[in-house]
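J.: File work-v1.pdb below, PDB, C-alpha atoms and all ligand atoms:
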```pdb
ATOM      1  CA  MET A   1      -5.425   3.841 -13.695
ATOM      2  CA  LYS A   2      -3.479   1.586 -15.983
ATOM      3  CA  ARG A   3      -3.530  -1.499 -13.816
ATOM      4  CA  ARG A   4      -7.300  -1.596 -13.821
ATOM      5  CA  GLN A   5      -7.133  -2.812 -17.377
ATOM      6  CA  PHE A   6      -5.001  -5.737 -16.365
ATOM      7  CA  LEU A   7      -7.340  -7.559 -14.084
ATOM      8  CA  VAL A   8      -7.934 -10.952 -15.520
ATOM      9  CA  TRP A   9      -9.540 -13.747 -13.672
ATOM     10  CA  VAL A  10      -8.227 -17.170 -14.492
ATOM     11  CA  ALA A  11     -10.296 -19.795 -12.747
ATOM     12  CA  SER A  12      -7.679 -22.428 -13.288
ATOM     13  CA  GLY A  13      -7.763 -23.846  -9.824
ATOM     14  CA  VAL A  14      -4.034 -24.307 -10.055
ATOM     15  CA  ALA A  15      -3.234 -23.636  -6.454
ATOM     16  CA  VAL A  16       0.407 -23.368  -5.724
ATOM     17  CA  SER A  17       1.906 -21.557  -2.861
ATOM     18  CA  ALA A  18       4.283 -18.722  -3.090
ATOM     19  CA  CYS A  19       5.140 -19.175   0.506
ATOM     20  CA  ALA A  20       4.379 -22.238   2.528
ATOM     21  CA  PRO A  21       6.081 -24.244   5.220
ATOM     22  CA  SER A  22       7.837 -27.322   3.957
ATOM     23  CA  THR A  23       6.322 -29.321   6.771
ATOM     24  CA  THR A  24       2.788 -28.824   5.539
ATOM     25  CA  ALA A  25       1.032 -30.863   2.927
ATOM     26  CA  SER A  26       0.458 -28.768  -0.129
ATOM     27  CA  PRO A  27      -2.347 -28.923  -2.610
ATOM     28  CA  VAL A  28      -1.127 -30.168  -5.941
ATOM     29  CA  SER A  29      -3.416 -29.592  -8.828
ATOM     30  CA  SER A  30      -4.169 -32.468 -11.104
ATOM     31  CA  VAL A  31      -3.438 -30.192 -14.034
ATOM     32  CA  SER A  32      -0.129 -28.912 -12.764
ATOM     33  CA  PRO A  33       3.146 -30.614 -12.018
ATOM     34  CA  VAL A  34       4.000 -27.793  -9.681
ATOM     35  CA  VAL A  35       4.638 -28.803  -6.122
ATOM     36  CA  SER A  36       4.599 -26.139  -3.535
ATOM     37  CA  ALA A  37       6.874 -26.058  -0.600
ATOM     38  CA  LEU A  38       8.659 -23.131   0.816
ATOM     39  CA  PRO A  39      11.548 -23.339   3.155
ATOM     40  CA  GLU A  40      11.291 -19.871   4.575
ATOM     41  CA  ALA A  41       8.077 -20.206   6.514
ATOM     42  CA  ALA A  42       8.756 -23.049   8.896
ATOM     43  CA  ALA A  43       6.462 -21.512  11.477
ATOM     44  CA  PRO A  44       3.569 -19.118  11.340
ATOM     45  CA  PRO A  45       4.792 -15.563  11.458
ATOM     46  CA  ALA A  46       4.816 -13.972  14.850
ATOM     47  CA  VAL A  47       2.124 -11.406  15.294
ATOM     48  CA  GLU A  48       3.929  -8.223  15.991
ATOM     49  CA  ALA A  49       2.858  -4.683  16.520
ATOM     50  CA  VAL A  50       3.949  -2.582  13.602
ATOM     51  CA  SER A  51       3.402   0.986  12.751
ATOM     52  CA  VAL A  52       0.791   1.713  10.150
ATOM     53  CA  ASP A  53       1.292   5.413  10.378
ATOM     54  CA  PRO A  54       1.987   7.256   7.172
ATOM     55  CA  PRO A  55       5.381   8.939   7.043
ATOM     56  CA  GLY A  56       3.788  12.314   6.510
ATOM     57  CA  GLY A  57       5.054  15.107   4.360
ATOM     58  CA  ALA A  58       3.915  15.891   0.874
ATOM     59  CA  LEU A  59       4.635  12.442  -0.479
ATOM     60  CA  SER A  60       2.070  10.288   1.174
ATOM     61  CA  ASN A  61      -1.363   9.939  -0.276
ATOM     62  CA  VAL A  62      -2.771   9.053   3.102
ATOM     63  CA  ILE A  63      -5.369   6.336   2.949
ATOM     64  CA  ASP A  64      -8.503   6.584   5.048
ATOM     65  CA  ARG A  65      -7.956   3.405   7.028
ATOM     66  CA  GLN A  66     -11.090   3.637   9.139
ATOM     67  CA  ARG A  67     -13.369   4.233   6.192
ATOM     68  CA  VAL A  68     -12.217   1.005   4.568
ATOM     69  CA  ILE A  69     -12.560  -0.927   7.825
ATOM     70  CA  ASP A  70     -16.079   0.374   8.364
ATOM     71  CA  ARG A  71     -17.120  -0.418   4.833
ATOM     72  CA  PHE A  72     -16.206  -4.120   4.971
ATOM     73  CA  THR A  73     -16.558  -5.126   8.604
ATOM     74  CA  GLY A  74     -19.366  -7.657   8.866
ATOM     75  CA  VAL A  75     -19.162  -8.759   5.238
ATOM     76  CA  ALA A  76     -18.752 -12.536   5.091
ATOM     77  CA  PRO A  77     -16.299 -13.980   2.588
ATOM     78  CA  SER A  78     -17.408 -16.780   0.274
ATOM     79  CA  GLN A  79     -14.253 -17.574  -1.679
ATOM     80  CA  TRP A  80     -10.658 -18.372  -0.808
ATOM     81  CA  GLY A  81      -7.571 -19.021  -2.855
ATOM     82  CA  THR A  82      -4.856 -17.614  -5.095
ATOM     83  CA  HIS A  83      -7.014 -17.049  -8.166
ATOM     84  CA  LEU A  84     -10.097 -15.011  -7.393
ATOM     85  CA  PRO A  85     -11.968 -12.327  -9.311
ATOM     86  CA  GLY A  86     -10.012  -9.101  -8.974
ATOM     87  CA  VAL A  87      -6.622 -10.808  -8.683
ATOM     88  CA  ALA A  88      -4.414  -9.946 -11.643
ATOM     89  CA  THR A  89      -2.725 -12.779 -13.486
ATOM     90  CA  HIS A  90      -1.757 -11.087 -16.737
ATOM     91  CA  VAL A  91      -0.618  -7.763 -18.123
ATOM     92  CA  ASP A  92      -1.595  -6.447 -21.503
ATOM     93  CA  GLY A  93       0.859  -6.014 -24.319
ATOM     94  CA  GLY A  94       2.198  -9.546 -24.346
ATOM     95  CA  ALA A  95       5.404  -9.021 -22.391
ATOM     96  CA  LEU A  96       6.249 -11.289 -19.492
ATOM     97  CA  ALA A  97       6.001  -9.667 -16.077
ATOM     98  CA  LEU A  98       8.627 -11.323 -13.931
ATOM     99  CA  THR A  99       7.878 -10.825 -10.243
ATOM    100  CA  PHE A 100      10.137 -11.891  -7.398
ATOM    101  CA  ASP A 101       8.985 -12.133  -3.797
ATOM    102  CA  GLY A 102      11.192 -11.336  -0.829
ATOM    103  CA  CYS A 103       9.303 -13.015   1.981
ATOM    104  CA  GLY A 104      11.518 -12.297   4.969
ATOM    105  CA  GLY A 105      11.448 -14.020   8.317
ATOM    106  CA  GLY A 106      13.957 -16.642   9.392
ATOM    107  CA  SER A 107      15.484 -18.307   6.359
ATOM    108  CA  GLY A 108      13.334 -16.147   4.098
ATOM    109  CA  SER A 109      15.501 -13.069   4.405
ATOM    110  CA  GLY A 110      18.264 -14.095   2.019
ATOM    111  CA  VAL A 111      19.369 -12.130  -1.029
ATOM    112  CA  ASP A 112      19.936 -13.835  -4.354
ATOM    113  CA  HIS A 113      22.683 -11.565  -5.593
ATOM    114  CA  ALA A 114      23.311 -13.786  -8.598
ATOM    115  CA  LEU A 115      19.729 -13.120  -9.661
ATOM    116  CA  LEU A 116      19.911  -9.376  -9.047
ATOM    117  CA  ASP A 117      23.196  -9.178 -10.965
ATOM    118  CA  LEU A 118      21.701 -11.154 -13.825
ATOM    119  CA  LEU A 119      18.645  -8.924 -14.117
ATOM    120  CA  ALA A 120      20.833  -5.824 -14.128
ATOM    121  CA  ARG A 121      23.361  -7.254 -16.579
ATOM    122  CA  GLU A 122      20.657  -8.448 -18.983
ATOM    123  CA  GLN A 123      18.600  -5.280 -18.467
ATOM    124  CA  ILE A 124      15.489  -7.249 -17.538
ATOM    125  CA  PRO A 125      12.722  -5.213 -15.910
ATOM    126  CA  ALA A 126      11.283  -6.892 -12.828
ATOM    127  CA  THR A 127       8.859  -6.237 -10.009
ATOM    128  CA  PHE A 128       9.997  -7.071  -6.484
ATOM    129  CA  PHE A 129       7.307  -7.877  -3.932
ATOM    130  CA  LEU A 130       9.053  -7.263  -0.644
ATOM    131  CA  ASN A 131       7.714  -8.145   2.769
ATOM    132  CA  ARG A 132       8.384  -5.709   5.564
ATOM    133  CA  ARG A 133      10.503  -8.285   7.415
ATOM    134  CA  TRP A 134      12.780  -8.594   4.365
ATOM    135  CA  ILE A 135      12.867  -4.828   3.959
ATOM    136  CA  ASP A 136      13.759  -4.266   7.594
ATOM    137  CA  THR A 137      16.637  -6.725   7.197
ATOM    138  CA  HIS A 138      17.838  -4.969   4.032
ATOM    139  CA  PRO A 139      16.717  -1.338   4.136
ATOM    140  CA  ALA A 140      19.708   0.040   2.228
ATOM    141  CA  LEU A 141      19.395  -2.603  -0.477
ATOM    142  CA  THR A 142      15.679  -1.883  -0.759
ATOM    143  CA  THR A 143      16.408   1.766  -1.420
ATOM    144  CA  GLN A 144      19.192   0.864  -3.830
ATOM    145  CA  LEU A 145      16.953  -1.483  -5.819
ATOM    146  CA  SER A 146      14.239   1.150  -5.996
ATOM    147  CA  GLU A 147      16.688   3.574  -7.608
ATOM    148  CA  SER A 148      17.180   1.328 -10.621
ATOM    149  CA  PRO A 149      14.893   2.224 -13.530
ATOM    150  CA  LEU A 150      14.621  -1.506 -14.214
ATOM    151  CA  PHE A 151      12.999  -2.436 -10.936
ATOM    152  CA  THR A 152       9.772  -1.626  -9.147
ATOM    153  CA  ILE A 153       9.251  -2.267  -5.443
ATOM    154  CA  GLU A 154       5.785  -3.432  -4.417
ATOM    155  CA  ASN A 155       4.152  -4.647  -1.232
ATOM    156  CA  HIS A 156       4.334  -8.274  -0.032
ATOM    157  CA  GLY A 157       2.722  -7.558   3.311
ATOM    158  CA  THR A 158       3.809  -6.646   6.798
ATOM    159  CA  THR A 159       3.871 -10.007   8.621
ATOM    160  CA  HIS A 160       3.530 -12.217   5.520
ATOM    161  CA  ALA A 161       0.052 -13.375   6.467
ATOM    162  CA  PRO A 162      -2.522 -14.682   4.006
ATOM    163  CA  LEU A 163      -5.075 -11.907   3.562
ATOM    164  CA  SER A 164      -8.292 -12.933   5.252
ATOM    165  CA  VAL A 165     -11.013 -11.089   7.129
ATOM    166  CA  ASN A 166     -11.709 -14.040   9.429
ATOM    167  CA  GLY A 167      -8.399 -15.742  10.131
ATOM    168  CA  ARG A 168      -8.425 -18.364   7.433
ATOM    169  CA  SER A 169      -5.016 -19.955   6.987
ATOM    170  CA  ALA A 170      -2.979 -21.230   4.069
ATOM    171  CA  TYR A 171      -0.262 -23.867   4.370
ATOM    172  CA  GLY A 172      -0.513 -23.624   8.127
ATOM    173  CA  ILE A 173       0.108 -19.896   8.177
ATOM    174  CA  ALA A 174      -2.669 -18.035   9.967
ATOM    175  CA  GLY A 175      -4.349 -15.355   7.931
ATOM    176  CA  THR A 176      -5.291 -11.940   9.189
ATOM    177  CA  ALA A 177      -8.286 -12.262  11.492
ATOM    178  CA  SER A 178     -10.348  -9.166  10.752
ATOM    179  CA  VAL A 179     -10.856  -6.413   8.211
ATOM    180  CA  ALA A 180      -8.766  -4.112  10.388
ATOM    181  CA  ALA A 181      -5.949  -6.654  10.538
ATOM    182  CA  ALA A 182      -6.091  -7.104   6.766
ATOM    183  CA  VAL A 183      -5.928  -3.359   6.240
ATOM    184  CA  ASP A 184      -2.960  -3.085   8.589
ATOM    185  CA  GLU A 185      -1.199  -6.024   6.930
ATOM    186  CA  VAL A 186      -1.265  -3.922   3.761
ATOM    187  CA  LEU A 187      -0.611  -0.471   5.194
ATOM    188  CA  GLY A 188       2.123  -1.468   7.647
ATOM    189  CA  ASN A 189       4.419  -2.182   4.717
ATOM    190  CA  HIS A 190       2.868   0.226   2.212
ATOM    191  CA  TYR A 191       4.039   3.238   4.161
ATOM    192  CA  ARG A 192       7.395   1.611   4.963
ATOM    193  CA  ILE A 193       8.102   1.200   1.242
ATOM    194  CA  GLU A 194       6.987   4.746   0.580
ATOM    195  CA  GLU A 195       9.285   6.007   3.297
ATOM    196  CA  LEU A 196      12.330   4.103   2.035
ATOM    197  CA  THR A 197      11.884   4.482  -1.713
ATOM    198  CA  GLY A 198      10.048   7.766  -2.136
ATOM    199  CA  ARG A 199       7.494   6.020  -4.299
ATOM    200  CA  THR A 200       3.965   4.958  -3.386
ATOM    201  CA  PRO A 201       3.399   1.236  -4.027
ATOM    202  CA  GLN A 202       0.658   0.413  -6.520
ATOM    203  CA  TRP A 203       0.345  -3.331  -5.975
ATOM    204  CA  PHE A 204      -0.092  -5.786  -3.136
ATOM    205  CA  ARG A 205       0.560  -9.520  -2.994
ATOM    206  CA  ALA A 206      -0.209 -11.298   0.276
ATOM    207  CA  GLY A 207       2.088 -13.767   1.945
ATOM    208  CA  THR A 208       1.266 -17.198   0.428
ATOM    209  CA  ALA A 209      -0.631 -15.266  -2.295
ATOM    210  CA  HIS A 210      -3.912 -16.359  -0.688
ATOM    211  CA  TYR A 211      -6.961 -14.135  -0.226
ATOM    212  CA  ASP A 212     -10.606 -14.287   0.518
ATOM    213  CA  ASP A 213     -12.926 -12.360  -1.745
ATOM    214  CA  VAL A 214     -13.645  -9.649   0.821
ATOM    215  CA  ALA A 215      -9.919  -9.103   1.407
ATOM    216  CA  VAL A 216      -9.436  -8.658  -2.340
ATOM    217  CA  GLN A 217     -12.065  -5.914  -2.249
ATOM    218  CA  VAL A 218     -10.365  -4.362   0.771
ATOM    219  CA  VAL A 219      -7.086  -4.052  -1.143
ATOM    220  CA  ALA A 220      -8.877  -2.535  -4.121
ATOM    221  CA  GLU A 221     -10.626  -0.069  -1.819
ATOM    222  CA  LEU A 222      -7.228   0.949  -0.477
ATOM    223  CA  GLY A 223      -6.434   1.960  -4.053
ATOM    224  CA  LEU A 224      -4.057  -0.888  -4.843
ATOM    225  CA  GLY A 225      -3.984  -3.653  -7.410
ATOM    226  CA  VAL A 226      -3.926  -7.254  -6.211
ATOM    227  CA  ALA A 227      -1.104  -9.137  -7.867
ATOM    228  CA  GLY A 228      -1.631 -12.806  -8.452
ATOM    229  CA  PHE A 229       0.208 -14.900 -10.963
ATOM    230  CA  ALA A 230      -0.399 -16.960 -14.079
ATOM    231  CA  VAL A 231       2.797 -18.951 -13.803
ATOM    232  CA  ASN A 232       4.416 -20.261 -10.668
ATOM    233  CA  GLY A 233       7.982 -20.025 -11.872
ATOM    234  CA  ASP A 234       9.840 -21.565  -8.963
ATOM    235  CA  ALA A 235       7.366 -23.347  -6.653
ATOM    236  CA  GLY A 236       8.530 -21.430  -3.633
ATOM    237  CA  ALA A 237      12.162 -21.461  -4.784
ATOM    238  CA  THR A 238      12.184 -25.262  -4.751
ATOM    239  CA  PHE A 239      12.529 -25.757  -8.502
ATOM    240  CA  HIS A 240      15.764 -26.818 -10.086
ATOM    241  CA  ALA A 241      17.145 -24.481 -12.732
ATOM    242  CA  ASN A 242      15.788 -26.521 -15.619
ATOM    243  CA  GLN A 243      12.301 -26.477 -14.091
ATOM    244  CA  VAL A 244      12.472 -22.700 -13.748
ATOM    245  CA  ARG A 245      13.679 -22.421 -17.326
ATOM    246  CA  ASN A 246      10.872 -24.641 -18.613
ATOM    247  CA  ALA A 247       8.224 -22.705 -16.702
ATOM    248  CA  LEU A 248       9.476 -19.464 -18.219
ATOM    249  CA  VAL A 249       9.809 -20.588 -21.825
ATOM    250  CA  GLN A 250       6.337 -22.156 -21.676
ATOM    251  CA  ALA A 251       4.690 -19.046 -20.210
ATOM    252  CA  GLN A 252       1.944 -17.539 -22.321
ATOM    253  CA  PRO A 253       2.360 -13.926 -23.468
ATOM    254  CA  GLY A 254       1.344 -11.425 -20.822
ATOM    255  CA  SER A 255       1.747 -13.799 -17.910
ATOM    256  CA  ILE A 256       2.648 -12.590 -14.470
ATOM    257  CA  VAL A 257       5.345 -15.012 -13.328
ATOM    258  CA  LEU A 258       5.923 -15.587  -9.623
ATOM    259  CA  MET A 259       9.433 -16.374  -8.378
ATOM    260  CA  HIS A 260      11.591 -15.512  -5.374
ATOM    261  CA  LEU A 261      14.670 -13.383  -4.774
ATOM    262  CA  ASN A 262      15.309 -14.480  -1.214
ATOM    263  CA  HIS A 263      16.828 -17.917  -1.775
ATOM    264  CA  PRO A 264      20.401 -17.680  -3.028
ATOM    265  CA  GLY A 265      21.499 -21.071  -4.257
ATOM    266  CA  SER A 266      18.041 -21.985  -5.524
ATOM    267  CA  GLY A 267      17.476 -22.693  -9.193
ATOM    268  CA  VAL A 268      15.976 -19.284  -9.853
ATOM    269  CA  ALA A 269      18.978 -17.291 -11.096
ATOM    270  CA  GLU A 270      20.348 -20.115 -13.183
ATOM    271  CA  GLY A 271      16.920 -20.938 -14.565
ATOM    272  CA  VAL A 272      16.176 -17.352 -15.547
ATOM    273  CA  ALA A 273      19.614 -17.081 -17.141
ATOM    274  CA  ALA A 274      18.920 -20.215 -19.151
ATOM    275  CA  ALA A 275      15.488 -19.009 -20.273
ATOM    276  CA  VAL A 276      16.383 -15.500 -21.377
ATOM    277  CA  PRO A 277      18.171 -16.366 -24.636
ATOM    278  CA  ALA A 278      15.303 -18.607 -25.749
ATOM    279  CA  LEU A 279      12.709 -16.015 -24.779
ATOM    280  CA  ARG A 280      14.539 -13.244 -26.558
ATOM    281  CA  ALA A 281      14.946 -15.413 -29.642
ATOM    282  CA  SER A 282      11.182 -15.847 -29.740
ATOM    283  CA  GLY A 283      10.617 -12.098 -29.464
ATOM    284  CA  THR A 284       9.552 -12.012 -25.820
ATOM    285  CA  HIS A 285       9.945  -8.760 -23.929
ATOM    286  CA  PHE A 286       9.799  -8.148 -20.201
ATOM    287  CA  THR A 287       7.865  -5.594 -18.227
ATOM    288  CA  THR A 288       7.101  -4.486 -14.700
ATOM    289  CA  LEU A 289       3.555  -4.427 -13.412
TER
HETATM  290 ZN    ZN A 301       6.254 -14.664   0.290
END
```
Turn this file's structure into structure tokens for me.
T.:
Amino acid sequence: MKRRQFLVWVASGVAVSACAPSTTASPVSSVSPVVSALPEAAAPPAVEAVSVDPPGGALSNVIDRQRVIDRFTGVAPSQWGTHLPGVATHVDGGALALTFDGCGGGSGSGVDHALLDLLAREQIPATFFLNRRWIDTHPALTTQLSESPLFTIENHGTTHAPLSVNGRSAYGIAGTASVAAAVDEVLGNHYRIEELTGRTPQWFRAGTAHYDDVAVQVVAELGLGVAGFAVNGDAGATFHANQVRNALVQAQPGSIVLMHLNHPGSGVAEGVAAAVPALRASGTHFTTL
């Protein structure tokens, strides 16, 4: 599978949150000016019962949920963070992979139409990591986006929980508490995307982009790539446009760039618009994962 070639471990220690409550102190790396704070997750996500049943029919490549749970239950994690072995940070070929999270929940369910219009107008391929809460707020738009050849819809989790097998939290957001809960955090949205778009997701990115090392293996065992990032392009949609622009024009070839599509009025759309001419002038192309 193509994505298997992309897995690159960058042990940079640059921990920046894709999704964190603004009320929580955030780790700021000494080597990064990026400050993480996310307005959309003011409270831990409510634990809700969601269906993890496959939609059925010929489409679904039904995953053996119990086999994966049995394989990893009892395995103790030893690592935690955004950049672990098995978490992809780059793609091959040198193009930039712009990824935009739609986190959902409370103020996280917005739609940055200026950004979507820009990507379409400039014909910029992009990967959208959509949480099930965002999808359930915008099911028609999700289907519409999936019909564009420019865009790929991937899985940003069911409840937007950090992916843990023992409840470890990130930025005050409780992680999944067991292997079964981690599996269901993935599958609860995996099948929802499949149902709405007619395409089986290939990638997963957890809420807050945090994992333990066992959870990373769980996702791989489910047959999915784990999407990290090399560049935090918007610091949880808190960057001003010029900061977004600078992050993009300074990105190394092949970087997966993490931004957000759920905060209209943030600096994301304007920053991407400002970066594109400079990137194109330097020969940069864009790709999906
Ligand atoms: Zn998110």
J.: Restricting the calculation to all atoms listed in the file, which member of A:Gly110, A:Gly74, A:Pro139, A:Gly86 is positioned closest to Ser266 (chain A)?
T.: A:Gly110
J.: Do you know which residues are at most 9 Å from region 121-125 of chain A counting all atoms listed in the file, after dropping those on the same chain fewer than 5 positions away, and could you put them as a PyMOL selection string?
T.: chain A and resi 97-98+116+149-152+273+276+285-288
J.: Within 10 Å of ligand ZN 301 (chain A), which residues show up when you count only C-alpha atoms and all ligand atoms? List them as a PDB file with C-alpha atoms, in the coordinates of the input, please.
T.:
```
ATOM      1  CA  SER A  17       1.906 -21.557  -2.861  1.00  0.00           C
ATOM      2  CA  ALA A  18       4.283 -18.722  -3.090  1.00  0.00           C
ATOM      3  CA  CYS A  19       5.140 -19.175   0.506  1.00  0.00           C
ATOM      4  CA  ALA A  20       4.379 -22.238   2.528  1.00  0.00           C
ATOM      5  CA  LEU A  38       8.659 -23.131   0.816  1.00  0.00           C
ATOM      6  CA  GLU A  40      11.291 -19.871   4.575  1.00  0.00           C
ATOM      7  CA  ALA A  41       8.077 -20.206   6.514  1.00  0.00           C
ATOM      8  CA  PHE A 100      10.137 -11.891  -7.398  1.00  0.00           C
ATOM      9  CA  ASP A 101       8.985 -12.133  -3.797  1.00  0.00           C
ATOM     10  CA  GLY A 102      11.192 -11.336  -0.829  1.00  0.00           C
ATOM     11  CA  CYS A 103       9.303 -13.015   1.981  1.00  0.00           C
ATOM     12  CA  GLY A 104      11.518 -12.297   4.969  1.00  0.00           C
ATOM     13  CA  GLY A 105      11.448 -14.020   8.317  1.00  0.00           C
ATOM     14  CA  GLY A 108      13.334 -16.147   4.098  1.00  0.00           C
ATOM     15  CA  PHE A 129       7.307  -7.877  -3.932  1.00  0.00           C
ATOM     16  CA  LEU A 130       9.053  -7.263  -0.644  1.00  0.00           C
ATOM     17  CA  ASN A 131       7.714  -8.145   2.769  1.00  0.00           C
ATOM     18  CA  TRP A 134      12.780  -8.594   4.365  1.00  0.00           C
ATOM     19  CA  HIS A 156       4.334  -8.274  -0.032  1.00  0.00           C
ATOM     20  CA  GLY A 157       2.722  -7.558   3.311  1.00  0.00           C
ATOM     21  CA  THR A 159       3.871 -10.007   8.621  1.00  0.00           C
ATOM     22  CA  HIS A 160       3.530 -12.217   5.520  1.00  0.00           C
ATOM     23  CA  ALA A 161       0.052 -13.375   6.467  1.00  0.00           C
ATOM     24  CA  PRO A 162      -2.522 -14.682   4.006  1.00  0.00           C
ATOM     25  CA  ARG A 205       0.560  -9.520  -2.994  1.00  0.00           C
ATOM     26  CA  ALA A 206      -0.209 -11.298   0.276  1.00  0.00           C
ATOM     27  CA  GLY A 207       2.088 -13.767   1.945  1.00  0.00           C
ATOM     28  CA  THR A 208       1.266 -17.198   0.428  1.00  0.00           C
ATOM     29  CA  ALA A 209      -0.631 -15.266  -2.295  1.00  0.00           C
ATOM     30  CA  GLY A 236       8.530 -21.430  -3.633  1.00  0.00           C
ATOM     31  CA  LEU A 258       5.923 -15.587  -9.623  1.00  0.00           C
ATOM     32  CA  MET A 259       9.433 -16.374  -8.378  1.00  0.00           C
ATOM     33  CA  HIS A 260      11.591 -15.512  -5.374  1.00  0.00           C
ATOM     34  CA  LEU A 261      14.670 -13.383  -4.774  1.00  0.00           C
ATOM     35  CA  ASN A 262      15.309 -14.480  -1.214  1.00  0.00           C
TER      36      ASN A 262
END
```
J.: Check which residues satisfy the PyMOL selection byres (((chain A and resi 195-203) around 8) and not hetatm) in the file shown, then give them as a ChimeraX atom specification.
T.: /A:55,59-61,139,142-143,146-147,153-155,190-194,204-205,223-227
J.: Residues as selected, C-alpha atoms, written as a PDB file, in the frame of the given file, can you do that?
T.:
```
ATOM      1  CA  PRO A  55       5.381   8.939   7.043  1.00  0.00           C
ATOM      2  CA  LEU A  59       4.635  12.442  -0.479  1.00  0.00           C
ATOM      3  CA  SER A  60       2.070  10.288   1.174  1.00  0.00           C
ATOM      4  CA  ASN A  61      -1.363   9.939  -0.276  1.00  0.00           C
ATOM      5  CA  PRO A 139      16.717  -1.338   4.136  1.00  0.00           C
ATOM      6  CA  THR A 142      15.679  -1.883  -0.759  1.00  0.00           C
ATOM      7  CA  THR A 143      16.408   1.766  -1.420  1.00  0.00           C
ATOM      8  CA  SER A 146      14.239   1.150  -5.996  1.00  0.00           C
ATOM      9  CA  GLU A 147      16.688   3.574  -7.608  1.00  0.00           C
ATOM     10  CA  ILE A 153       9.251  -2.267  -5.443  1.00  0.00           C
ATOM     11  CA  GLU A 154       5.785  -3.432  -4.417  1.00  0.00           C
ATOM     12  CA  ASN A 155       4.152  -4.647  -1.232  1.00  0.00           C
ATOM     13  CA  HIS A 190       2.868   0.226   2.212  1.00  0.00           C
ATOM     14  CA  TYR A 191       4.039   3.238   4.161  1.00  0.00           C
ATOM     15  CA  ARG A 192       7.395   1.611   4.963  1.00  0.00           C
ATOM     16  CA  ILE A 193       8.102   1.200   1.242  1.00  0.00           C
ATOM     17  CA  GLU A 194       6.987   4.746   0.580  1.00  0.00           C
ATOM     18  CA  PHE A 204      -0.092  -5.786  -3.136  1.00  0.00           C
ATOM     19  CA  ARG A 205       0.560  -9.520  -2.994  1.00  0.00           C
ATOM     20  CA  GLY A 223      -6.434   1.960  -4.053  1.00  0.00           C
ATOM     21  CA  LEU A 224      -4.057  -0.888  -4.843  1.00  0.00           C
ATOM     22  CA  GLY A 225      -3.984  -3.653  -7.410  1.00  0.00           C
ATOM     23  CA  VAL A 226      -3.926  -7.254  -6.211  1.00  0.00           C
ATOM     24  CA  ALA A 227      -1.104  -9.137  -7.867  1.00  0.00           C
TER      25      ALA A 227
END
```
J.: Taking only C-alpha atoms into account, name the residue in A:Val272, A:Asn166, A:Thr137, A:Asp70 that is nearest to His240 (chain A).
T.: A:Val272
J.: Every residue with an atom at most 12 Å from (-13.3, -0.1, 8.5) (file coordinates; only C-alpha atoms) is what I'm after, so could you write them as a list in words?
T.: Ile63, Asp64, Arg65, Gln66, Arg67, Val68, Ile69, Asp70, Arg71, Phe72, Thr73, Gly74, Val75, Val165, Ser178, Val179, Ala180, Ala181, Ala182, Val183, Asp184, Ala215, Val218, Glu221 and Leu222 of chain A
J.: Please indicate the distance in Å from CA of Gln217 (chain A) to CA of Ala76 (chain A), rounded to one decimal place.
T.: 11.9 Å
J.: Tell me which of A:His210, A:Arg245, A:His113, A:His83 sits closest to Leu163 (chain A), counting all atoms listed in the file.
T.: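 Using all atoms listed in the file, the shortest distance to Leu163 (chain A) belongs to A:His210.
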J.: Which residue, A:Ala251, A:Ala269, A:Leu141, A:Val186, has the smallest gap to Gly94 (chain A) when you use all atoms listed in the file?
T.: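 Distance minimum relative to Gly94 (chain A) lands on A:Ala251.
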J.: Quick check, in Å to one decimal: how far apart do CA of Gln243 (chain A) and CA of Val257 (chain A) lie?
T.: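 Value for the CA of Gln243 (chain A)-CA of Val257 (chain A) distance: 13.4 Å.
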J.: Skip Gly167 (chain A) itself and residues of its chain fewer than 5 positions away, then list as a compact mmCIF listing (two decimals) with C-alpha atoms, in the frame of the given file all residues within 6 Å of it, counting only C-alpha atoms.
T.:
```txt
# COMPACT_ATOMS: atom_id res chain seq x y z
CA GLY A 175 -4.35 -15.36 7.93
CA THR A 176 -5.29 -11.94 9.19
CA ALA A 177 -8.29 -12.26 11.49
```
J.: Name the residues that the PyMOL selection byres (((chain A and resi 255) around 10) and not hetatm) picks from the file above, as a short mmCIF file (atom, residue, chain, number, x, y, z; two decimals) with C-alpha atoms, in the coordinates of the input, using the file's chain letters and numbers.
T.:
```cif
data_model
loop_
_atom_site.label_atom_id
_atom_site.label_comp_id
_atom_site.auth_asym_id
_atom_site.auth_seq_id
_atom_site.Cartn_x
_atom_site.Cartn_y
_atom_site.Cartn_z
CA ALA A 88 -4.41 -9.95 -11.64
CA THR A 89 -2.72 -12.78 -13.49
CA HIS A 90 -1.76 -11.09 -16.74
CA VAL A 91 -0.62 -7.76 -18.12
CA ASP A 92 -1.60 -6.45 -21.50
CA GLY A 94 2.20 -9.55 -24.35
CA ALA A 95 5.40 -9.02 -22.39
CA LEU A 96 6.25 -11.29 -19.49
CA ALA A 97 6.00 -9.67 -16.08
CA LEU A 98 8.63 -11.32 -13.93
CA PHE A 229 0.21 -14.90 -10.96
CA ALA A 230 -0.40 -16.96 -14.08
CA VAL A 231 2.80 -18.95 -13.80
CA LEU A 248 9.48 -19.46 -18.22
CA ALA A 251 4.69 -19.05 -20.21
CA GLN A 252 1.94 -17.54 -22.32
CA PRO A 253 2.36 -13.93 -23.47
CA GLY A 254 1.34 -11.42 -20.82
CA ILE A 256 2.65 -12.59 -14.47
CA VAL A 257 5.34 -15.01 -13.33
CA LEU A 258 5.92 -15.59 -9.62
#
```
J.: Which one is closest to Glu270 (chain A): A:Val216, A:Tyr211, A:Leu115, A:Gly233? Count only C-alpha atoms.
T.: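 Nearest candidate to Glu270 (chain A) out of A:Val216, A:Tyr211, A:Leu115, A:Gly233: A:Leu115.
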